[in-house]
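Below: the structure, in structure tokens.
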Amino acid sequence: MKKIEAIIRKSKYSAVKKALHEVGVNFFSYWDVTGQGNEKEGHVYRGISYSTSDIQRRLLSIVVNDDYEEITVKTILEAASTGEVGDGKIFVSDIKEAYRIRTGEKGGDTLN
Amino acid sequence: MELLTTNNVWMMICTALVFFMHLGFGFLEIGLTRQKNAINILFKNVFIITVGLLLYCLVGFNLMYPGFEEGSLGIFGFAGFGLEAPLNAEGALDLTYSEGYTYWTDFLFQGMFAATAATIVSGAVAERIKIGSFMLFTVLYVGLVYPIAGSWKWGGGFLDQLDTPFYDFAGSTLVHSVGGWAAVVAVCLLGARIGKFKDGKIRAIPGHNIPMATAGVLILWLGWFGFNGGSVLSADPGATSLTLVTTCLAAAAGGVFAAIVSAIRDKNLDLTMFLNGILGGLVGITAGADQMSPTDAIVIGAVAGAIIVFAVALIDRLKLDDPVGAIAVHLVCGIWGTLAVGIFGALAGWDQFVSQLIGVASYAAICVISSFIIILILKKTIGIRVSEREELEGLDGFEHGMDAYPDFRINEH
């Protein structure tokens, strides 16, 4: 099993969600995150210009069976891309075990 | 009798509208400041209207309208504690008190005004003043300084007795500048919020709820129908309707011009400047709302709107930290509006202009001196500024042990 974490633009979230559903990835969690990076956002407040390096993105956390890793990553790469700096990142890591709380069963079947 | 009833009903509606302005001030202040201080600011606002009204009942009304005797200097008078309605021969309320309102309406309308002066200060000192010190300041300023200063003009005092009487229809000076001068003094003695001026640079500290600030300004505009409309002191059809027209035109022109000037100067469509411009126009027209033609009102409002943009920038450059723009709106536009009575409208003329200058200077003197003494004593004794840790973590948690949005917290800054 693999955990795929993707940090994407909020504006790309619905496209990514739709693309993931189309390839059969139906279960994941997500939340809004604030990060630091190279991008600077310019603002003006009451005549004073300021910029903030706080960047708003959405983080998806997807746990899939090994044979789904490639298609999931590929789908996100395609659906979340604009070609501009700031499209985000994807991290893949191993998952040791998964349990379904209701039944207590474990293993790859619990992911579906 | 029917006329009195009509007049009195209008005055009571205006009283209610002025009361509503306190919600407007509250919304504006919390909107333009950070969420960690929202409870603290609302606490101050609620304290001001409640205690302000009680103080006005106890001493304020009779300090402001002492009925100066013939030959008195017209600087200080006091008609005794509490309220005492005039009675007629049958022991009922004497309805010949005024053609425009009853004694009770008179008290309540003026009482709603009184608290406004301290509310103006509240916005300027937000996010760093000790709540206890602010409450003591409010008691002294609303309870004593505001009514004594007010008696000089509205109570028939020396400014009303000048050869060409000083004119302030609804309080550009008597209410707004009185609050504005104290705001300047308080901001000077208090210092800026941590992080506002760093390494010689001015930094933005954005407010946390701009929609709420917008609601606040539009509520204030609505309240001004009563603030200026009620200052006619009757429901006189010509005077009240003209006053509402000039008031609204000045507000509109103030907003539009502040937005335009700010867009040209800062290359940005800044809603908060638009909002401050509306308020600047309202404060500007307040001194002469019943004396101006619609064109005069638009010019006065437009100038006030432009002034706002430059005044906000100037106050920043002077290293004075005024989170809500209270000094620019209430003091600078208050002075402008007061002087404008000598330049535009039915009273325009050199003698009037000089009287307006005397009025502005007199109020500057009493307000700056009295607020300086009060705040300096507070600073030297119980202190006026919260600790650094309290300021950084928010006044709500320390002064009140509460959180304005316990279930809704995204940023901590």
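The chains in the structure tokens are called A, B, ... from first to last as shown; in each chain the residues are counted from 1, and the ligands are counted from 1 in the order shown.
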Shell around stretch 358-362 of chain B at 10 Å using only C-alpha atoms, local window under 6 positions removed, as an MDAnalysis selection string
chainID B and resid 149 152:153 158:160 162 165:168 172:174 177:178 334:336 338:339 352
Compile the residues of chain B that lie within 7 Å of chain A, evaluated using only C-alpha atoms, and express the compilation as a ChimeraX atom specification.
/B:203-204,206,266,268,270,272-273,313
Store the residues picked out above, limited to N, CA and C atoms, as a short mmCIF file (atom, residue, chain, number, x, y, z; two decimals), in the first residue's frame.
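Ended up saving to result_36.cif:
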```
data_model
loop_
_atom_site.label_atom_id
_atom_site.label_comp_id
_atom_site.auth_asym_id
_atom_site.auth_seq_id
_atom_site.Cartn_x
_atom_site.Cartn_y
_atom_site.Cartn_z
N ARG B 203 3.99 49.26 8.20
CA ARG B 203 3.50 47.96 7.77
C ARG B 203 1.97 47.88 7.90
N ALA B 204 1.39 47.13 7.01
CA ALA B 204 -0.08 46.97 7.03
C ALA B 204 -0.44 45.90 8.05
N PRO B 206 -3.79 44.16 8.32
CA PRO B 206 -5.16 44.13 7.75
C PRO B 206 -6.22 43.73 8.77
N ASP B 266 -2.71 54.96 -4.98
CA ASP B 266 -2.18 53.66 -4.56
C ASP B 266 -2.39 52.57 -5.61
N ASN B 268 -4.97 51.04 -6.51
CA ASN B 268 -5.70 49.93 -5.91
C ASN B 268 -7.11 50.39 -5.56
N ASP B 270 -9.37 50.25 -3.00
CA ASP B 270 -9.36 49.86 -1.60
C ASP B 270 -10.72 50.15 -0.96
N THR B 272 -11.68 49.78 2.07
CA THR B 272 -11.64 50.45 3.39
C THR B 272 -11.50 51.97 3.22
N MET B 273 -10.82 52.40 2.16
CA MET B 273 -10.72 53.84 1.91
C MET B 273 -12.07 54.39 1.43
N ALA B 313 -2.62 58.55 5.16
CA ALA B 313 -1.21 58.36 4.84
C ALA B 313 -0.32 59.22 5.73
#
```
Please identify which residues in stretch 125-357 of chain B DSSP calls strand (DSSP E or B) from the backbone, and express them as number ranges by chain.
B: 129, 197-198, 201-202
Please produce a file of those selected residues containing C-alpha atoms, as a PDB file, in the first residue's frame.
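And here is the file that came out, result_31.pdb:
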```pdb
ATOM      1  CA  ILE B 129      -5.057  49.698  25.493  1.00  0.00           C
ATOM      2  CA  PHE B 197       6.287  50.401  12.381  1.00  0.00           C
ATOM      3  CA  LYS B 198       9.322  48.208  11.933  1.00  0.00           C
ATOM      4  CA  LYS B 201       8.857  51.110   7.547  1.00  0.00           C
ATOM      5  CA  ILE B 202       5.087  51.371   7.817  1.00  0.00           C
TER       6      ILE B 202
END
```
Please identify all polymer residues within 12 Å of A:Ile101, counting only C-alpha atoms, omitting same-chain residues fewer than 5 positions from it, and present them as a list of chain:residue names.
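These residues fall inside the cut-off: A:Lys106, A:Thr110, A:Leu111.
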Do a neighbour search on B:Trp224 at 8 Å with only C-alpha atoms, toss out local chain neighbours closer than 2 positions, and write the hits as a list in words.
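Once the nearby chain positions are removed, what remains is Leu17, Val18, Met21, Leu220, Trp221, Leu222, Gly226, Phe227, Asn228, Gly229, Thr247 and Leu282 of chain B.
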I need the chosen residues saved as a PDB file, in the first residue's frame, with N, CA and C atoms.
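The result, written out as out_1.pdb:
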```
ATOM      1  N   LEU B  17     -32.221  56.116  15.847  1.00  0.00           N
ATOM      2  CA  LEU B  17     -31.219  55.987  14.777  1.00  0.00           C
ATOM      3  C   LEU B  17     -29.816  56.284  15.306  1.00  0.00           C
ATOM      4  N   VAL B  18     -29.713  57.292  16.166  1.00  0.00           N
ATOM      5  CA  VAL B  18     -28.391  57.603  16.733  1.00  0.00           C
ATOM      6  C   VAL B  18     -27.920  56.448  17.626  1.00  0.00           C
ATOM      7  N   MET B  21     -26.252  53.810  15.704  1.00  0.00           N
ATOM      8  CA  MET B  21     -24.888  54.096  15.251  1.00  0.00           C
ATOM      9  C   MET B  21     -23.845  53.366  16.088  1.00  0.00           C
ATOM     10  N   LEU B 220     -23.802  53.190  10.045  1.00  0.00           N
ATOM     11  CA  LEU B 220     -23.502  54.549  10.504  1.00  0.00           C
ATOM     12  C   LEU B 220     -24.172  55.584   9.612  1.00  0.00           C
ATOM     13  N   TRP B 221     -24.133  55.335   8.323  1.00  0.00           N
ATOM     14  CA  TRP B 221     -24.796  56.258   7.376  1.00  0.00           C
ATOM     15  C   TRP B 221     -26.283  56.341   7.717  1.00  0.00           C
ATOM     16  N   LEU B 222     -26.912  55.194   7.914  1.00  0.00           N
ATOM     17  CA  LEU B 222     -28.327  55.184   8.303  1.00  0.00           C
ATOM     18  C   LEU B 222     -28.523  55.961   9.612  1.00  0.00           C
ATOM     19  N   GLY B 226     -30.578  60.189  11.600  1.00  0.00           N
ATOM     20  CA  GLY B 226     -31.040  60.676  12.895  1.00  0.00           C
ATOM     21  C   GLY B 226     -30.104  61.703  13.504  1.00  0.00           C
ATOM     22  N   PHE B 227     -28.808  61.472  13.325  1.00  0.00           N
ATOM     23  CA  PHE B 227     -27.794  62.369  13.904  1.00  0.00           C
ATOM     24  C   PHE B 227     -27.969  63.783  13.363  1.00  0.00           C
ATOM     25  N   ASN B 228     -28.052  63.910  12.042  1.00  0.00           N
ATOM     26  CA  ASN B 228     -28.246  65.226  11.432  1.00  0.00           C
ATOM     27  C   ASN B 228     -29.732  65.588  11.362  1.00  0.00           C
ATOM     28  N   GLY B 229     -30.545  64.629  10.954  1.00  0.00           N
ATOM     29  CA  GLY B 229     -31.971  64.905  10.824  1.00  0.00           C
ATOM     30  C   GLY B 229     -32.591  65.330  12.141  1.00  0.00           C
ATOM     31  N   THR B 247     -26.856  65.555   3.767  1.00  0.00           N
ATOM     32  CA  THR B 247     -26.121  64.503   4.465  1.00  0.00           C
ATOM     33  C   THR B 247     -25.784  63.349   3.526  1.00  0.00           C
ATOM     34  N   LEU B 282     -19.663  62.339   5.716  1.00  0.00           N
ATOM     35  CA  LEU B 282     -20.718  62.518   6.727  1.00  0.00           C
ATOM     36  C   LEU B 282     -20.258  63.459   7.842  1.00  0.00           C
TER      37      LEU B 282
END
```
Step one, run DSSP on the backbone; step two, keep only residues of chain A assigned to alpha helix (DSSP H); then write them as a JSON list (two decimals) with N, CA and C atoms, in the first residue's frame.
```
[["chain", "number", "residue", "atom", "x", "y", "z"],
["A", 13, "TYR", "N", -8.80, 21.74, -7.52],
["A", 13, "TYR", "CA", -9.32, 20.64, -6.71],
["A", 13, "TYR", "C", -10.45, 19.88, -7.41],
["A", 14, "SER", "N", -11.42, 20.59, -7.97],
["A", 14, "SER", "CA", -12.55, 19.85, -8.54],
["A", 14, "SER", "C", -12.15, 19.06, -9.77],
["A", 15, "ALA", "N", -11.19, 19.59, -10.54],
["A", 15, "ALA", "CA", -10.71, 18.83, -11.70],
["A", 15, "ALA", "C", -9.99, 17.55, -11.26],
["A", 16, "VAL", "N", -9.17, 17.68, -10.20],
["A", 16, "VAL", "CA", -8.43, 16.51, -9.70],
["A", 16, "VAL", "C", -9.40, 15.47, -9.13],
["A", 17, "LYS", "N", -10.38, 15.95, -8.36],
["A", 17, "LYS", "CA", -11.36, 15.03, -7.76],
["A", 17, "LYS", "C", -12.09, 14.24, -8.85],
["A", 18, "LYS", "N", -12.51, 14.96, -9.88],
["A", 18, "LYS", "CA", -13.25, 14.31, -10.96],
["A", 18, "LYS", "C", -12.36, 13.28, -11.67],
["A", 19, "ALA", "N", -11.13, 13.67, -11.95],
["A", 19, "ALA", "CA", -10.21, 12.77, -12.66],
["A", 19, "ALA", "C", -9.93, 11.53, -11.82],
["A", 20, "LEU", "N", -9.77, 11.71, -10.50],
["A", 20, "LEU", "CA", -9.50, 10.55, -9.63],
["A", 20, "LEU", "C", -10.69, 9.60, -9.61],
["A", 21, "HIS", "N", -11.89, 10.16, -9.53],
["A", 21, "HIS", "CA", -13.09, 9.31, -9.56],
["A", 21, "HIS", "C", -13.16, 8.52, -10.86],
["A", 22, "GLU", "N", -12.77, 9.16, -11.96],
["A", 22, "GLU", "CA", -12.84, 8.50, -13.26],
["A", 22, "GLU", "C", -11.91, 7.29, -13.36],
["A", 69, "GLU", "N", -0.82, 2.96, -7.60],
["A", 69, "GLU", "CA", 0.09, 4.09, -7.40],
["A", 69, "GLU", "C", 0.31, 4.88, -8.68],
["A", 70, "GLU", "N", 0.66, 4.16, -9.73],
["A", 70, "GLU", "CA", 1.06, 4.84, -10.95],
["A", 70, "GLU", "C", -0.09, 5.67, -11.55],
["A", 71, "ILE", "N", -1.27, 5.04, -11.63],
["A", 71, "ILE", "CA", -2.39, 5.74, -12.27],
["A", 71, "ILE", "C", -2.83, 6.94, -11.43],
["A", 72, "THR", "N", -2.76, 6.80, -10.10],
["A", 72, "THR", "CA", -3.16, 7.91, -9.23],
["A", 72, "THR", "C", -2.21, 9.10, -9.43],
["A", 73, "VAL", "N", -0.93, 8.81, -9.38],
["A", 73, "VAL", "CA", 0.06, 9.89, -9.54],
["A", 73, "VAL", "C", -0.09, 10.54, -10.91],
["A", 74, "LYS", "N", -0.24, 9.71, -11.94],
["A", 74, "LYS", "CA", -0.36, 10.22, -13.30],
["A", 74, "LYS", "C", -1.60, 11.13, -13.44],
["A", 75, "THR", "N", -2.69, 10.66, -12.85],
["A", 75, "THR", "CA", -3.94, 11.44, -12.92],
["A", 75, "THR", "C", -3.78, 12.81, -12.28],
["A", 76, "ILE", "N", -3.15, 12.82, -11.10],
["A", 76, "ILE", "CA", -2.98, 14.10, -10.41],
["A", 76, "ILE", "C", -2.03, 15.00, -11.20],
["A", 77, "LEU", "N", -0.96, 14.42, -11.70],
["A", 77, "LEU", "CA", 0.01, 15.22, -12.48],
["A", 77, "LEU", "C", -0.68, 15.92, -13.64],
["A", 78, "GLU", "N", -1.58, 15.20, -14.27],
["A", 78, "GLU", "CA", -2.26, 15.79, -15.42],
["A", 78, "GLU", "C", -3.33, 16.80, -15.00],
["A", 79, "ALA", "N", -4.15, 16.40, -14.05],
["A", 79, "ALA", "CA", -5.31, 17.22, -13.72],
["A", 79, "ALA", "C", -4.95, 18.48, -12.94]]
```
Between A:Gly24, A:Asp109, A:Thr52, A:Leu59, single out the one closest to A:Gln36, counting only C-alpha atoms.
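Distance minimum relative to A:Gln36 lands on A:Thr52.
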Identify, on the basis of only C-alpha atoms, every residue whose closest approach to A:Lys89 does not exceed 7 Å; exclude the query and any residue fewer than 6 positions from it along the same chain; express the result as a PDB file with N, CA and C atoms, in the first residue's frame.
```pdb
ATOM      1  N   ALA A   6      -0.728  14.860  -2.128  1.00  0.00           N
ATOM      2  CA  ALA A   6      -0.590  15.850  -3.196  1.00  0.00           C
ATOM      3  C   ALA A   6      -0.987  17.217  -2.668  1.00  0.00           C
ATOM      4  N   ILE A   7      -0.077  18.186  -2.880  1.00  0.00           N
ATOM      5  CA  ILE A   7      -0.411  19.577  -2.540  1.00  0.00           C
ATOM      6  C   ILE A   7      -0.736  20.273  -3.855  1.00  0.00           C
ATOM      7  N   ILE A   8      -1.965  20.735  -3.997  1.00  0.00           N
ATOM      8  CA  ILE A   8      -2.401  21.266  -5.298  1.00  0.00           C
ATOM      9  C   ILE A   8      -3.037  22.650  -5.114  1.00  0.00           C
TER      10      ILE A   8
END
```
For A:Asn38, work out the shell of residues within 9 Å, counting only C-alpha atoms and skipping chain neighbours fewer than 2 positions away, then give it as a list in words.
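In the requested format, the answer is Gln36, Lys40, Ser53 and Gly86 of chain A.
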Find the spatial neighbours of B:Ile366, counting only C-alpha atoms, within a cut-off of 10 Å - ignore same-chain residues fewer than 6 positions away - and output them as number ranges by chain.
B: 145-146, 148-149, 178, 181-182, 372
Quick one: write out the picked residues with C-alpha atoms as a short mmCIF file (atom, residue, chain, number, x, y, z; two decimals), in the first residue's frame?
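The file below, selection20.cif, is the result:
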```
data_model
loop_
_atom_site.label_atom_id
_atom_site.label_comp_id
_atom_site.auth_asym_id
_atom_site.auth_seq_id
_atom_site.Cartn_x
_atom_site.Cartn_y
_atom_site.Cartn_z
CA VAL B 145 -15.35 66.82 29.33
CA TYR B 146 -17.90 66.20 26.57
CA ILE B 148 -18.79 70.87 29.57
CA ALA B 149 -17.27 71.41 26.12
CA VAL B 178 -14.01 66.19 20.60
CA TRP B 181 -8.61 65.26 19.62
CA ALA B 182 -8.68 62.76 22.45
CA PHE B 372 -3.70 64.64 28.07
#
```
Suppose you want the space between atom CA of A:Lys2 and atom CA of A:Arg57; what is it in Å?
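If I compute the distance from atom CA of A:Lys2 to atom CA of A:Arg57, I get 22.1 Å.
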What is the atom CA of B:Arg389 to atom CA of B:Val125 distance in Å?
17.4 Å
